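Visitor: My structure is stored as work.cif, with mmCIF, C-alpha atoms.
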```
data_structure
#
loop_
_atom_site.group_PDB
_atom_site.id
_atom_site.type_symbol
_atom_site.label_atom_id
_atom_site.label_comp_id
_atom_site.auth_asym_id
_atom_site.auth_seq_id
_atom_site.Cartn_x
_atom_site.Cartn_y
_atom_site.Cartn_z
ATOM 1 C CA MET E 1 0.000 0.000 0.000
ATOM 2 C CA THR E 2 1.326 3.449 -0.966
ATOM 3 C CA HIS E 3 2.211 5.619 2.022
ATOM 4 C CA LEU E 4 0.165 8.810 2.184
ATOM 5 C CA ARG E 5 2.108 11.762 3.514
ATOM 6 C CA THR E 6 0.546 13.703 6.352
ATOM 7 C CA LYS E 7 0.437 17.493 6.306
ATOM 8 C CA ASP E 8 3.318 17.627 8.794
ATOM 9 C CA GLU E 9 5.400 15.280 6.642
ATOM 10 C CA ILE E 10 4.692 17.400 3.586
ATOM 11 C CA LYS E 11 5.716 20.566 5.405
ATOM 12 C CA LYS E 12 8.921 18.899 6.609
ATOM 13 C CA ASP E 13 9.752 17.797 3.067
ATOM 14 C CA ILE E 14 9.185 21.358 1.837
ATOM 15 C CA ASN E 15 11.378 22.812 4.571
ATOM 16 C CA ASP E 16 14.103 20.254 3.840
ATOM 17 C CA ARG E 17 14.111 21.199 0.146
ATOM 18 C CA ILE E 18 14.220 24.901 0.993
ATOM 19 C CA SER E 19 17.190 24.318 3.292
ATOM 20 C CA LEU E 20 18.988 22.458 0.497
ATOM 21 C CA CYS E 21 18.791 25.509 -1.775
ATOM 22 C CA VAL E 22 22.057 26.768 -0.287
ATOM 23 C CA SER E 23 23.905 23.993 -2.119
ATOM 24 C CA LYS E 24 21.325 22.641 -4.583
ATOM 25 C CA ARG E 25 19.593 25.271 -6.673
ATOM 26 C CA ILE E 26 15.868 24.996 -7.354
ATOM 27 C CA SER E 27 14.221 25.898 -10.653
ATOM 28 C CA LEU E 28 10.765 27.355 -11.101
ATOM 29 C CA GLU E 29 9.687 24.082 -12.727
ATOM 30 C CA GLU E 30 10.849 22.003 -9.753
ATOM 31 C CA ALA E 31 9.216 24.362 -7.252
ATOM 32 C CA LEU E 32 5.884 24.102 -9.080
ATOM 33 C CA GLU E 33 6.101 20.303 -9.251
ATOM 34 C CA ILE E 34 6.638 20.194 -5.481
ATOM 35 C CA ILE E 35 3.655 22.508 -4.983
ATOM 36 C CA LYS E 36 1.498 20.228 -7.158
ATOM 37 C CA THR E 37 2.460 17.000 -5.392
ATOM 38 C CA SER E 38 2.198 18.624 -1.958
ATOM 39 C CA ILE E 39 -1.365 19.824 -2.553
ATOM 40 C CA GLU E 40 -2.454 16.572 -4.180
ATOM 41 C CA ASP E 41 -0.885 14.456 -1.431
ATOM 42 C CA VAL E 42 -2.490 16.433 1.382
ATOM 43 C CA ILE E 43 -5.872 16.094 -0.341
ATOM 44 C CA LYS E 44 -5.477 12.302 -0.475
ATOM 45 C CA PHE E 45 -4.669 12.215 3.227
ATOM 46 C CA SER E 46 -7.047 14.776 4.724
ATOM 47 C CA GLY E 47 -9.276 16.222 2.022
ATOM 48 C CA GLU E 48 -10.459 19.837 1.995
ATOM 49 C CA SER E 49 -9.258 20.718 5.496
ATOM 50 C CA GLY E 50 -5.714 19.624 4.717
ATOM 51 C CA LYS E 51 -5.665 21.436 1.367
ATOM 52 C CA LYS E 52 -6.933 24.664 2.885
ATOM 53 C CA SER E 53 -4.503 24.482 5.809
ATOM 54 C CA LEU E 54 -1.499 23.853 3.550
ATOM 55 C CA ILE E 55 -2.358 26.633 1.106
ATOM 56 C CA THR E 56 -3.180 29.251 3.746
ATOM 57 C CA SER E 57 0.034 28.480 5.635
ATOM 58 C CA GLN E 58 1.906 29.986 2.642
ATOM 59 C CA GLN E 59 4.672 27.458 3.257
ATOM 60 C CA ILE E 60 4.515 26.019 -0.242
ATOM 61 C CA ILE E 61 4.961 29.509 -1.712
ATOM 62 C CA ASN E 62 8.286 29.797 0.098
ATOM 63 C CA LEU E 63 9.596 27.500 -2.635
ATOM 64 C CA VAL E 64 8.956 30.294 -5.150
ATOM 65 C CA HIS E 65 10.823 32.693 -2.846
ATOM 66 C CA GLU E 66 13.906 30.488 -3.228
ATOM 67 C CA VAL E 67 13.557 30.489 -7.022
ATOM 68 C CA ILE E 68 13.608 34.291 -6.973
ATOM 69 C CA LYS E 69 16.591 34.469 -4.638
ATOM 70 C CA ILE E 70 18.558 32.163 -6.918
ATOM 71 C CA SER E 71 17.554 34.275 -9.931
ATOM 72 C CA LEU E 72 18.936 37.319 -8.109
ATOM 73 C CA VAL E 73 22.250 35.579 -7.468
ATOM 74 C CA ASP E 74 22.382 34.455 -11.112
ATOM 75 C CA GLN E 75 22.230 38.158 -12.037
ATOM 76 C CA GLY E 76 25.220 38.978 -9.856
ATOM 77 C CA ILE E 77 23.489 39.953 -6.610
ATOM 78 C CA ASN E 78 25.485 39.235 -3.450
ATOM 79 C CA PRO E 79 23.645 36.429 -1.587
ATOM 80 C CA GLU E 80 24.726 37.931 1.734
ATOM 81 C CA LEU E 81 22.617 41.014 0.958
ATOM 82 C CA ILE E 82 19.439 38.963 0.368
ATOM 83 C CA TYR E 83 16.975 38.621 3.258
ATOM 84 C CA PRO E 84 15.890 36.065 4.246
ATOM 85 C CA ASN E 85 19.082 34.345 3.125
ATOM 86 C CA ILE E 86 18.917 31.536 0.583
ATOM 87 C CA GLY E 87 17.639 28.376 2.257
ATOM 88 C CA GLN E 88 15.798 30.264 4.977
ATOM 89 C CA SER E 89 12.109 31.101 5.186
ATOM 90 C CA ARG E 90 12.300 33.292 8.262
ATOM 91 C CA GLY E 91 13.929 36.656 8.669
ATOM 92 C CA GLU E 92 11.707 38.828 6.471
ATOM 93 C CA LYS E 93 12.310 42.543 6.861
ATOM 94 C CA ILE E 94 9.522 44.925 7.864
ATOM 95 C CA LEU E 95 9.587 48.304 6.152
ATOM 96 C CA ALA E 96 7.728 51.486 6.965
ATOM 97 C CA GLY E 97 5.502 52.975 4.316
ATOM 98 C CA PHE E 98 3.292 56.056 4.278
ATOM 99 C CA LEU E 99 0.404 54.387 6.111
ATOM 100 C CA LYS E 100 1.850 51.360 7.862
ATOM 101 C CA PHE E 101 4.710 48.927 8.351
ATOM 102 C CA LYS E 102 4.621 45.955 5.965
ATOM 103 C CA GLN E 103 6.622 42.745 5.976
ATOM 104 C CA GLN E 104 8.469 42.172 2.696
ATOM 105 C CA ASP E 105 9.011 38.654 1.365
ATOM 106 C CA ILE E 106 12.449 39.292 -0.132
ATOM 107 C CA CYS E 107 14.724 42.295 0.358
ATOM 108 C CA VAL E 108 18.124 43.078 -1.100
ATOM 109 C CA PHE E 109 20.014 45.570 1.047
ATOM 110 C CA PRO E 110 22.459 48.133 -0.412
ATOM 111 C CA ASN E 111 26.160 47.704 0.337
ATOM 112 C CA ASN E 112 26.882 51.436 0.456
ATOM 113 C CA LYS E 113 24.370 52.699 3.014
ATOM 114 C CA THR E 114 24.019 52.301 6.772
ATOM 115 C CA PRO E 115 20.656 51.923 8.500
ATOM 116 C CA VAL E 116 19.780 54.841 10.767
ATOM 117 C CA GLU E 117 16.856 54.673 13.187
ATOM 118 C CA GLU E 118 14.444 57.517 12.505
ATOM 119 C CA ASP E 119 11.261 58.906 13.978
ATOM 120 C CA ILE E 120 8.219 58.762 11.736
ATOM 121 C CA ASN E 121 6.943 62.333 11.854
ATOM 122 C CA PHE E 122 3.931 62.254 9.545
ATOM 123 C CA ASP E 123 0.375 61.125 10.044
ATOM 124 C CA GLY E 124 -0.793 57.695 8.993
ATOM 125 C CA LEU E 125 -1.649 54.574 10.916
ATOM 126 C CA PHE E 126 1.409 54.972 13.121
ATOM 127 C CA ARG E 127 1.412 55.615 16.830
ATOM 128 C CA THR E 128 2.892 58.856 18.122
ATOM 129 C CA ASN E 129 6.705 58.718 18.383
ATOM 130 C CA THR E 130 6.971 55.576 16.249
ATOM 131 C CA LYS E 131 10.544 54.724 15.275
ATOM 132 C CA GLU E 132 11.633 52.739 12.253
ATOM 133 C CA PRO E 133 15.008 50.982 12.116
ATOM 134 C CA TYR E 134 16.405 51.863 8.682
ATOM 135 C CA GLY E 135 15.677 55.475 7.813
ATOM 136 C CA GLU E 136 14.395 56.865 4.514
ATOM 137 C CA LEU E 137 17.750 56.972 2.720
ATOM 138 C CA PHE E 138 18.561 53.336 3.436
ATOM 139 C CA SER E 139 15.001 52.187 2.798
ATOM 140 C CA GLU E 140 14.760 53.758 -0.640
ATOM 141 C CA HIS E 141 17.909 51.844 -1.668
ATOM 142 C CA ILE E 142 16.356 48.465 -0.752
ATOM 143 C CA LEU E 143 15.158 46.303 -3.632
ATOM 144 C CA SER E 144 12.015 44.535 -2.453
ATOM 145 C CA ILE E 145 10.052 41.650 -3.996
ATOM 146 C CA ASN E 146 6.787 40.204 -2.728
ATOM 147 C CA VAL E 147 5.173 36.917 -3.722
ATOM 148 C CA ARG E 148 1.457 36.104 -3.752
ATOM 149 C CA SER E 149 -0.641 33.260 -5.066
ATOM 150 C CA GLN E 150 -4.171 32.161 -5.883
ATOM 151 C CA LEU E 151 -4.194 28.373 -5.827
ATOM 152 C CA SER E 152 -7.920 27.846 -5.370
ATOM 153 C CA SER E 153 -10.590 29.362 -7.617
ATOM 154 C CA LEU E 154 -9.431 32.128 -9.969
ATOM 155 C CA GLY E 155 -12.413 34.249 -8.917
ATOM 156 C CA ASN E 156 -11.887 33.984 -5.169
ATOM 157 C CA ASN E 157 -11.682 37.483 -3.653
ATOM 158 C CA ILE E 158 -10.247 38.870 -6.895
ATOM 159 C CA ASP E 159 -11.311 42.458 -6.137
ATOM 160 C CA THR E 160 -9.869 42.388 -2.617
ATOM 161 C CA MET E 161 -6.674 40.810 -3.908
ATOM 162 C CA TYR E 162 -6.273 43.481 -6.564
ATOM 163 C CA GLU E 163 -6.947 46.320 -4.120
ATOM 164 C CA ARG E 164 -4.223 45.002 -1.808
ATOM 165 C CA THR E 165 -1.814 44.546 -4.699
ATOM 166 C CA TYR E 166 -2.529 48.124 -5.798
ATOM 167 C CA ALA E 167 -2.117 49.534 -2.283
ATOM 168 C CA GLU E 168 1.224 47.962 -1.381
ATOM 169 C CA PRO E 169 3.479 49.899 -3.778
ATOM 170 C CA LEU E 170 1.451 53.043 -3.081
ATOM 171 C CA ASN E 171 2.140 52.674 0.651
ATOM 172 C CA LEU E 172 5.912 52.371 0.116
ATOM 173 C CA HIS E 173 6.366 54.730 -2.834
ATOM 174 C CA ARG E 174 4.535 57.545 -1.045
ATOM 175 C CA ARG E 175 7.275 57.479 1.603
ATOM 176 C CA VAL E 176 10.289 56.404 -0.463
ATOM 177 C CA PRO E 177 9.517 57.281 -4.116
ATOM 178 C CA LYS E 178 12.744 55.872 -5.545
ATOM 179 C CA MET E 179 12.307 52.400 -4.074
ATOM 180 C CA VAL E 180 12.370 49.544 -6.616
ATOM 181 C CA LEU E 181 9.566 47.035 -6.082
ATOM 182 C CA GLY E 182 8.738 43.712 -7.704
ATOM 183 C CA GLU E 183 5.680 41.486 -7.442
ATOM 184 C CA VAL E 184 5.361 37.799 -8.376
ATOM 185 C CA PHE E 185 1.854 36.343 -8.544
ATOM 186 C CA LEU E 186 1.239 32.632 -9.077
ATOM 187 C CA ILE E 187 -2.196 31.498 -10.236
ATOM 188 C CA SER E 188 -3.645 28.037 -10.809
ATOM 189 C CA ILE E 189 -5.391 27.913 -14.196
ATOM 190 C CA ARG E 190 -7.618 24.925 -13.450
ATOM 191 C CA GLN E 191 -9.352 24.680 -10.104
ATOM 192 C CA LEU E 192 -9.802 21.496 -8.136
ATOM 193 C CA ASP E 193 -13.238 19.896 -7.931
ATOM 194 C CA SER E 194 -14.370 20.680 -4.378
ATOM 195 C CA GLN E 195 -16.709 17.695 -4.178
ATOM 196 C CA ALA E 196 -13.919 15.302 -5.138
ATOM 197 C CA VAL E 197 -11.520 17.017 -2.730
ATOM 198 C CA SER E 198 -13.991 16.580 0.143
ATOM 199 C CA ASN E 199 -13.865 12.847 -0.648
ATOM 200 C CA LYS E 200 -10.057 12.905 -0.585
ATOM 201 C CA GLN E 201 -9.808 12.610 -4.349
ATOM 202 C CA VAL E 202 -7.820 14.751 -6.774
ATOM 203 C CA ARG E 203 -9.836 15.901 -9.752
ATOM 204 C CA TYR E 204 -9.537 19.124 -11.743
ATOM 205 C CA LYS E 205 -12.481 20.944 -13.278
ATOM 206 C CA THR E 206 -12.809 21.732 -16.956
ATOM 207 C CA PHE E 207 -11.689 25.258 -17.789
ATOM 208 C CA SER E 208 -14.799 27.390 -18.336
ATOM 209 C CA ASN E 209 -15.689 30.699 -19.993
ATOM 210 C CA THR E 210 -15.989 32.180 -16.504
ATOM 211 C CA ASP E 211 -12.429 31.059 -15.756
ATOM 212 C CA ALA E 212 -11.291 32.664 -19.031
ATOM 213 C CA ASN E 213 -12.897 35.959 -18.009
ATOM 214 C CA TYR E 214 -11.149 35.892 -14.640
ATOM 215 C CA LEU E 215 -7.813 35.047 -16.257
ATOM 216 C CA GLU E 216 -8.237 37.984 -18.621
ATOM 217 C CA ARG E 217 -8.931 40.255 -15.628
ATOM 218 C CA TYR E 218 -5.739 39.069 -13.929
ATOM 219 C CA ILE E 219 -3.630 39.771 -17.005
ATOM 220 C CA LYS E 220 -5.133 43.207 -17.649
ATOM 221 C CA GLY E 221 -5.054 44.139 -13.966
ATOM 222 C CA PHE E 222 -1.395 43.279 -13.463
ATOM 223 C CA SER E 223 -0.453 44.920 -16.754
ATOM 224 C CA ALA E 224 -1.931 48.150 -15.370
ATOM 225 C CA LEU E 225 0.366 47.906 -12.324
ATOM 226 C CA ASN E 226 3.495 47.033 -14.282
ATOM 227 C CA LEU E 227 6.640 48.826 -15.504
ATOM 228 C CA ARG E 228 6.991 51.898 -13.310
ATOM 229 C CA ALA E 229 9.860 53.649 -15.019
ATOM 230 C CA SER E 230 10.930 56.363 -12.553
ATOM 231 C CA GLN E 231 10.137 57.847 -9.165
ATOM 232 C CA ARG E 232 7.978 60.449 -10.898
ATOM 233 C CA ASP E 233 5.650 57.806 -12.340
ATOM 234 C CA ASP E 234 2.517 56.472 -10.667
ATOM 235 C CA ASP E 235 3.211 55.429 -7.091
ATOM 236 C CA PHE E 236 0.785 52.491 -7.325
ATOM 237 C CA LYS E 237 2.884 50.708 -9.948
ATOM 238 C CA TYR E 238 5.617 48.143 -9.461
ATOM 239 C CA GLU E 239 8.886 48.452 -11.309
ATOM 240 C CA ARG E 240 8.179 44.926 -12.580
ATOM 241 C CA VAL E 241 5.386 42.388 -12.105
ATOM 242 C CA ALA E 242 5.587 38.682 -12.967
ATOM 243 C CA LEU E 243 2.312 36.821 -13.423
ATOM 244 C CA ILE E 244 2.770 33.033 -13.518
ATOM 245 C CA PRO E 245 -0.299 31.156 -14.795
ATOM 246 C CA VAL E 246 0.150 27.408 -14.237
ATOM 247 C CA ASP E 247 -1.897 24.346 -15.174
ATOM 248 C CA PHE E 248 -1.319 21.972 -12.265
ATOM 249 C CA SER E 249 -3.585 19.329 -13.825
ATOM 250 C CA GLN E 250 -0.900 18.457 -16.382
ATOM 251 C CA ASN E 251 2.106 16.178 -15.863
ATOM 252 C CA PRO E 252 4.510 17.869 -15.826
ATOM 253 C CA VAL E 253 2.839 21.117 -14.836
ATOM 254 C CA LYS E 254 2.543 23.650 -17.652
ATOM 255 C CA ILE E 255 3.733 27.225 -17.202
ATOM 256 C CA TYR E 256 2.272 29.844 -19.539
ATOM 257 C CA SER E 257 4.630 32.649 -20.523
ATOM 258 C CA THR E 258 3.044 34.103 -23.653
ATOM 259 C CA THR E 259 -0.346 35.240 -24.878
ATOM 260 C CA LYS E 260 -0.054 32.828 -27.810
ATOM 261 C CA GLN E 261 0.340 29.832 -25.493
ATOM 262 C CA LEU E 262 -2.811 30.810 -23.611
ATOM 263 C CA LYS E 263 -4.814 31.323 -26.803
ATOM 264 C CA ASP E 264 -3.519 28.123 -28.385
ATOM 265 C CA ASP E 265 -4.821 26.163 -25.397
ATOM 266 C CA GLY E 266 -8.186 27.922 -25.422
ATOM 267 C CA LEU E 267 -7.581 29.777 -22.164
ATOM 268 C CA LEU E 268 -8.060 33.211 -23.724
ATOM 269 C CA PRO E 269 -10.424 34.122 -26.580
ATOM 270 C CA ASP E 270 -8.695 34.741 -29.908
ATOM 271 C CA ASP E 271 -10.042 38.312 -29.940
ATOM 272 C CA SER E 272 -8.851 39.128 -26.405
ATOM 273 C CA ASN E 273 -6.561 42.160 -26.167
ATOM 274 C CA ALA E 274 -5.053 40.981 -22.874
ATOM 275 C CA THR E 275 -1.313 40.432 -23.281
ATOM 276 C CA MET E 276 1.403 38.676 -21.299
ATOM 277 C CA ASP E 277 4.035 41.023 -22.761
ATOM 278 C CA ASN E 278 6.410 42.056 -19.951
ATOM 279 C CA LEU E 279 4.487 39.900 -17.442
ATOM 280 C CA CYS E 280 6.226 36.522 -17.676
ATOM 281 C CA TYR E 281 8.824 35.461 -15.102
ATOM 282 C CA GLU E 282 11.576 35.400 -17.715
ATOM 283 C CA GLY E 283 13.267 38.796 -17.521
ATOM 284 C CA PHE E 284 11.606 39.726 -14.226
ATOM 285 C CA VAL E 285 14.755 39.963 -12.106
ATOM 286 C CA GLU E 286 16.810 41.425 -14.944
ATOM 287 C CA ARG E 287 14.310 44.283 -15.354
ATOM 288 C CA LEU E 288 14.329 45.085 -11.634
ATOM 289 C CA ILE E 289 18.114 45.256 -11.549
ATOM 290 C CA GLN E 290 18.193 47.355 -14.718
ATOM 291 C CA VAL E 291 15.818 49.910 -13.197
ATOM 292 C CA TYR E 292 17.692 49.831 -9.890
ATOM 293 C CA GLU E 293 21.076 50.526 -11.499
ATOM 294 C CA LYS E 294 19.662 53.287 -13.659
ATOM 295 C CA ARG E 295 18.167 54.908 -10.580
ATOM 296 C CA PHE E 296 21.010 54.434 -8.078
ATOM 297 C CA GLY E 297 24.101 53.302 -9.971
ATOM 298 C CA SER E 298 25.849 49.965 -10.401
ATOM 299 C CA GLY E 299 27.726 47.879 -7.839
ATOM 300 C CA ILE E 300 25.385 48.611 -4.912
ATOM 301 C CA LEU E 301 23.842 45.145 -4.651
ATOM 302 C CA ILE E 302 26.972 43.061 -5.228
#
```
Starting from the file, give its structure as structure tokens.
Guide:
Amino acid sequence: MTHLRTKDEIKKDINDRISLCVSKRISLEEALEIIKTSIEDVIKFSGESGKKSLITSQQIINLVHEVIKISLVDQGINPELIYPNIGQSRGEKILAGFLKFKQQDICVFPNNKTPVEEDINFDGLFRTNTKEPYGELFSEHILSINVRSQLSSLGNNIDTMYERTYAEPLNLHRRVPKMVLGEVFLISIRQLDSQAVSNKQVRYKTFSNTDANYLERYIKGFSALNLRASQRDDDFKYERVALIPVDFSQNPVKIYSTTKQLKDDGLLPDDSNATMDNLCYEGFVERLIQVYEKRFGSGILI
């Protein structure tokens, strides 16, 4: 009889693979395969409750964090300046924005600036006499990347998700306009059949016209938040966004990087004007570094 992994065993396996990233690099393809098998295995063991618990824990998304960190190092970034360090899921930095402090998934610190504790002396959601540990000058030289996902239904809380995604760069750019920000968003193209999942079975639903409409909204929405060119551009934009649509029902999983791929597989209507141009993961890190060096100079993140 095949051994079914428990949720705790799955989490341990994920943590072990993350720890190995120090010496054994992980690709985006491998990370997504681990996410697929982790979700499917937890469903077989504990059904809907296990699936929900694993996804909401965000632990599986830490695998994508490691992919990004390795991409940064591949582009010449000093691994000692990356927080959390490669192979670690804890140690995220918390930065002060215009309205509130916000934990950042991945930060790259500058090598030519020193943090200076400062008082926050403007109104927002801060308490009186709030101090922040880095200071504006240091903070604006941090390269920050956040990672989000929608691994259940494409339509789940899409408006709330988009409002939060819109607000995060606005919060930081209103305080430190020069700061370079990236966003990676992973979405599951085909949703799991909830009735099958409740019976501890893995079955994916057929992609519907409703799903196609939601996918189009994701692409258009993230395109509108993408490619902030300078500190004088819209504060609500990211310097670069990567949207990663994935079909986890396929073996191996299929990553969509182009509009043509989506249309060829019937996931977008042929007459749709939504485009994946400048949204795929390829080129994501390179673009962020290009903008950073144009804004601050070269050699600061190495």
Visitor: Which one of E:Tyr83, E:Tyr281, E:Tyr214, E:Tyr238 sits closest to E:Ser153 if you count all atoms listed in the file?
Guide: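 With all atoms listed in the file as the atom set, the closest residue is E:Tyr214.
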Visitor: Please, what distance in Å, to one decimal, runs between atom CA of E:Lys254 and atom CA of E:Ile189?
Guide: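 Separation of atom CA of E:Lys254 and atom CA of E:Ile189: 9.6 Å.
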Visitor: Which is closest to E:Phe109 among E:Tyr166, E:Tyr204, E:Phe138, E:Tyr256, if we use all atoms listed in the file?
Guide: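 Of all the options, E:Phe138 lies closest to E:Phe109.
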Visitor: List the neighbours of E:Ile68 out to 10 Å using all atoms listed in the file; skip same-chain residues closer than 4 positions along the sequence, and give me the result as a JSON list (two decimals) with C-alpha atoms, in the coordinates of the input.
Guide:
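What landed in out_24.json:
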```json
[["chain", "number", "residue", "atom", "x", "y", "z"],
["E", 26, "ILE", "CA", 15.87, 25.00, -7.35],
["E", 27, "SER", "CA", 14.22, 25.90, -10.65],
["E", 28, "LEU", "CA", 10.76, 27.36, -11.10],
["E", 62, "ASN", "CA", 8.29, 29.80, 0.10],
["E", 63, "LEU", "CA", 9.60, 27.50, -2.64],
["E", 64, "VAL", "CA", 8.96, 30.29, -5.15],
["E", 72, "LEU", "CA", 18.94, 37.32, -8.11],
["E", 73, "VAL", "CA", 22.25, 35.58, -7.47],
["E", 74, "ASP", "CA", 22.38, 34.46, -11.11],
["E", 86, "ILE", "CA", 18.92, 31.54, 0.58],
["E", 106, "ILE", "CA", 12.45, 39.29, -0.13],
["E", 145, "ILE", "CA", 10.05, 41.65, -4.00],
["E", 146, "ASN", "CA", 6.79, 40.20, -2.73],
["E", 147, "VAL", "CA", 5.17, 36.92, -3.72],
["E", 184, "VAL", "CA", 5.36, 37.80, -8.38],
["E", 281, "TYR", "CA", 8.82, 35.46, -15.10],
["E", 284, "PHE", "CA", 11.61, 39.73, -14.23],
["E", 285, "VAL", "CA", 14.76, 39.96, -12.11]]
```
Visitor: Please write as a list in words the list of polymer residues whose atoms come within 6 Å of (-11.0, 27.5, -11.9), counting only C-alpha atoms and keeping to the coordinates of the file.
Guide: Ser153, Leu154, Arg190, Gln191 and Asp211 of chain E
Visitor: Given the PyMOL selection byres ((chain E and resi 260) around 12) and the file above, list the residues it selects as a short mmCIF file (atom, residue, chain, number, x, y, z; two decimals) with C-alpha atoms, in the coordinates of the input.
Guide:
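Writing done, so here's part-v8.cif:
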```cif
data_model
loop_
_atom_site.label_atom_id
_atom_site.label_comp_id
_atom_site.auth_asym_id
_atom_site.auth_seq_id
_atom_site.Cartn_x
_atom_site.Cartn_y
_atom_site.Cartn_z
CA TYR E 256 2.27 29.84 -19.54
CA SER E 257 4.63 32.65 -20.52
CA THR E 258 3.04 34.10 -23.65
CA THR E 259 -0.35 35.24 -24.88
CA GLN E 261 0.34 29.83 -25.49
CA LEU E 262 -2.81 30.81 -23.61
CA LYS E 263 -4.81 31.32 -26.80
CA ASP E 264 -3.52 28.12 -28.38
CA ASP E 265 -4.82 26.16 -25.40
CA GLY E 266 -8.19 27.92 -25.42
CA LEU E 267 -7.58 29.78 -22.16
CA LEU E 268 -8.06 33.21 -23.72
CA PRO E 269 -10.42 34.12 -26.58
CA ASP E 270 -8.70 34.74 -29.91
CA ASP E 271 -10.04 38.31 -29.94
CA SER E 272 -8.85 39.13 -26.40
CA ASN E 273 -6.56 42.16 -26.17
CA ALA E 274 -5.05 40.98 -22.87
CA THR E 275 -1.31 40.43 -23.28
CA MET E 276 1.40 38.68 -21.30
CA ASP E 277 4.04 41.02 -22.76
#
```
Visitor: Which one is closest to E:Gly155: E:Tyr218, E:Phe207, E:Phe101, E:Phe126? Count only C-alpha atoms.
Guide: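 Closest to E:Gly155 of all the choices is E:Tyr218.
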Visitor: Tell me, as a ChimeraX atom specification, which residues lie within 9 Å of E:Ser139, counting only C-alpha atoms; anything in the same chain fewer than 3 positions away does not count.
Guide: /E:95-96,109,115,134-136,142-143,176,179
Visitor: Take the residues that were just selected and, keeping C-alpha atoms, output them as a PDB file, in the coordinates of the input.
Guide:
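What ended up in out.pdb:
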```pdb
ATOM      1  CA  LEU E  95       9.587  48.304   6.152  1.00  0.00           C
ATOM      2  CA  ALA E  96       7.728  51.486   6.965  1.00  0.00           C
ATOM      3  CA  PHE E 109      20.014  45.570   1.047  1.00  0.00           C
ATOM      4  CA  PRO E 115      20.656  51.923   8.500  1.00  0.00           C
ATOM      5  CA  TYR E 134      16.405  51.863   8.682  1.00  0.00           C
ATOM      6  CA  GLY E 135      15.677  55.475   7.813  1.00  0.00           C
ATOM      7  CA  GLU E 136      14.395  56.865   4.514  1.00  0.00           C
ATOM      8  CA  ILE E 142      16.356  48.465  -0.752  1.00  0.00           C
ATOM      9  CA  LEU E 143      15.158  46.303  -3.632  1.00  0.00           C
ATOM     10  CA  VAL E 176      10.289  56.404  -0.463  1.00  0.00           C
ATOM     11  CA  MET E 179      12.307  52.400  -4.074  1.00  0.00           C
TER      12      MET E 179
END
```
Visitor: What gap, in Å, lies between atom CA of E:Val291 and atom CA of E:Lys102?
Guide: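 Rounded to one decimal, the two atoms are 22.5 Å apart.
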Visitor: Rounded to one decimal, what separation in Å do you get between atom CA of E:His3 and atom CA of E:Leu20?
Guide: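 About the pair atom CA of E:His3 and atom CA of E:Leu20: they are 23.8 Å apart.
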Visitor: With distances taken over only C-alpha atoms, which residue among E:Ile10, E:Val241, E:Ile18, E:Ile289 lies nearest E:Gln88?
Guide: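 Closest to E:Gln88, using only C-alpha atoms: E:Ile18.
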Visitor: Can you tell me, as JSON, numbers by chain, which residues sit within 10 Å of (1.7, 57.8, 5.4) in the file's frame, using only C-alpha atoms?
Guide: {"E": [96, 97, 98, 99, 100, 101, 120, 121, 122, 123, 124, 125, 126, 170, 171, 172, 173, 174, 175]}
Visitor: Can you list, as an mmCIF file with C-alpha atoms, keeping the file's coordinate frame, every protein, DNA or RNA residue that comes within 12 Å of E:Leu32 when you count all atoms listed in the file, leaving out same-chain residues fewer than 6 positions away?
Guide:
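Listing of result.cif after writing:
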```cif
data_model
loop_
_atom_site.group_PDB
_atom_site.id
_atom_site.type_symbol
_atom_site.label_atom_id
_atom_site.label_comp_id
_atom_site.auth_asym_id
_atom_site.auth_seq_id
_atom_site.Cartn_x
_atom_site.Cartn_y
_atom_site.Cartn_z
ATOM 1 C CA ILE E 14 9.185 21.358 1.837
ATOM 2 C CA ILE E 26 15.868 24.996 -7.354
ATOM 3 C CA SER E 38 2.198 18.624 -1.958
ATOM 4 C CA ILE E 39 -1.365 19.824 -2.553
ATOM 5 C CA ILE E 60 4.515 26.019 -0.242
ATOM 6 C CA ILE E 61 4.961 29.509 -1.712
ATOM 7 C CA ASN E 62 8.286 29.797 0.098
ATOM 8 C CA LEU E 63 9.596 27.500 -2.635
ATOM 9 C CA VAL E 64 8.956 30.294 -5.150
ATOM 10 C CA HIS E 65 10.823 32.693 -2.846
ATOM 11 C CA GLU E 66 13.906 30.488 -3.228
ATOM 12 C CA VAL E 67 13.557 30.489 -7.022
ATOM 13 C CA SER E 149 -0.641 33.260 -5.066
ATOM 14 C CA LEU E 151 -4.194 28.373 -5.827
ATOM 15 C CA LEU E 186 1.239 32.632 -9.077
ATOM 16 C CA ILE E 187 -2.196 31.498 -10.236
ATOM 17 C CA SER E 188 -3.645 28.037 -10.809
ATOM 18 C CA ILE E 244 2.770 33.033 -13.518
ATOM 19 C CA PRO E 245 -0.299 31.156 -14.795
ATOM 20 C CA VAL E 246 0.150 27.408 -14.237
ATOM 21 C CA ASP E 247 -1.897 24.346 -15.174
ATOM 22 C CA PHE E 248 -1.319 21.972 -12.265
ATOM 23 C CA SER E 249 -3.585 19.329 -13.825
ATOM 24 C CA GLN E 250 -0.900 18.457 -16.382
ATOM 25 C CA ASN E 251 2.106 16.178 -15.863
ATOM 26 C CA PRO E 252 4.510 17.869 -15.826
ATOM 27 C CA VAL E 253 2.839 21.117 -14.836
ATOM 28 C CA LYS E 254 2.543 23.650 -17.652
ATOM 29 C CA ILE E 255 3.733 27.225 -17.202
#
```
Visitor: Would you please work out which residue, of E:Leu225, E:Arg295, E:Glu9, E:Thr130, is nearest to E:Asn278 when using only C-alpha atoms?
Guide: E:Leu225
Visitor: When the PyMOL selection byres ((chain E and resi 41-54) around 10) is applied to the file above, which residues end up in the set, as a PyMOL selection string?
Guide: chain E and resi 3-11+35-40+55-60+151-152+194-202
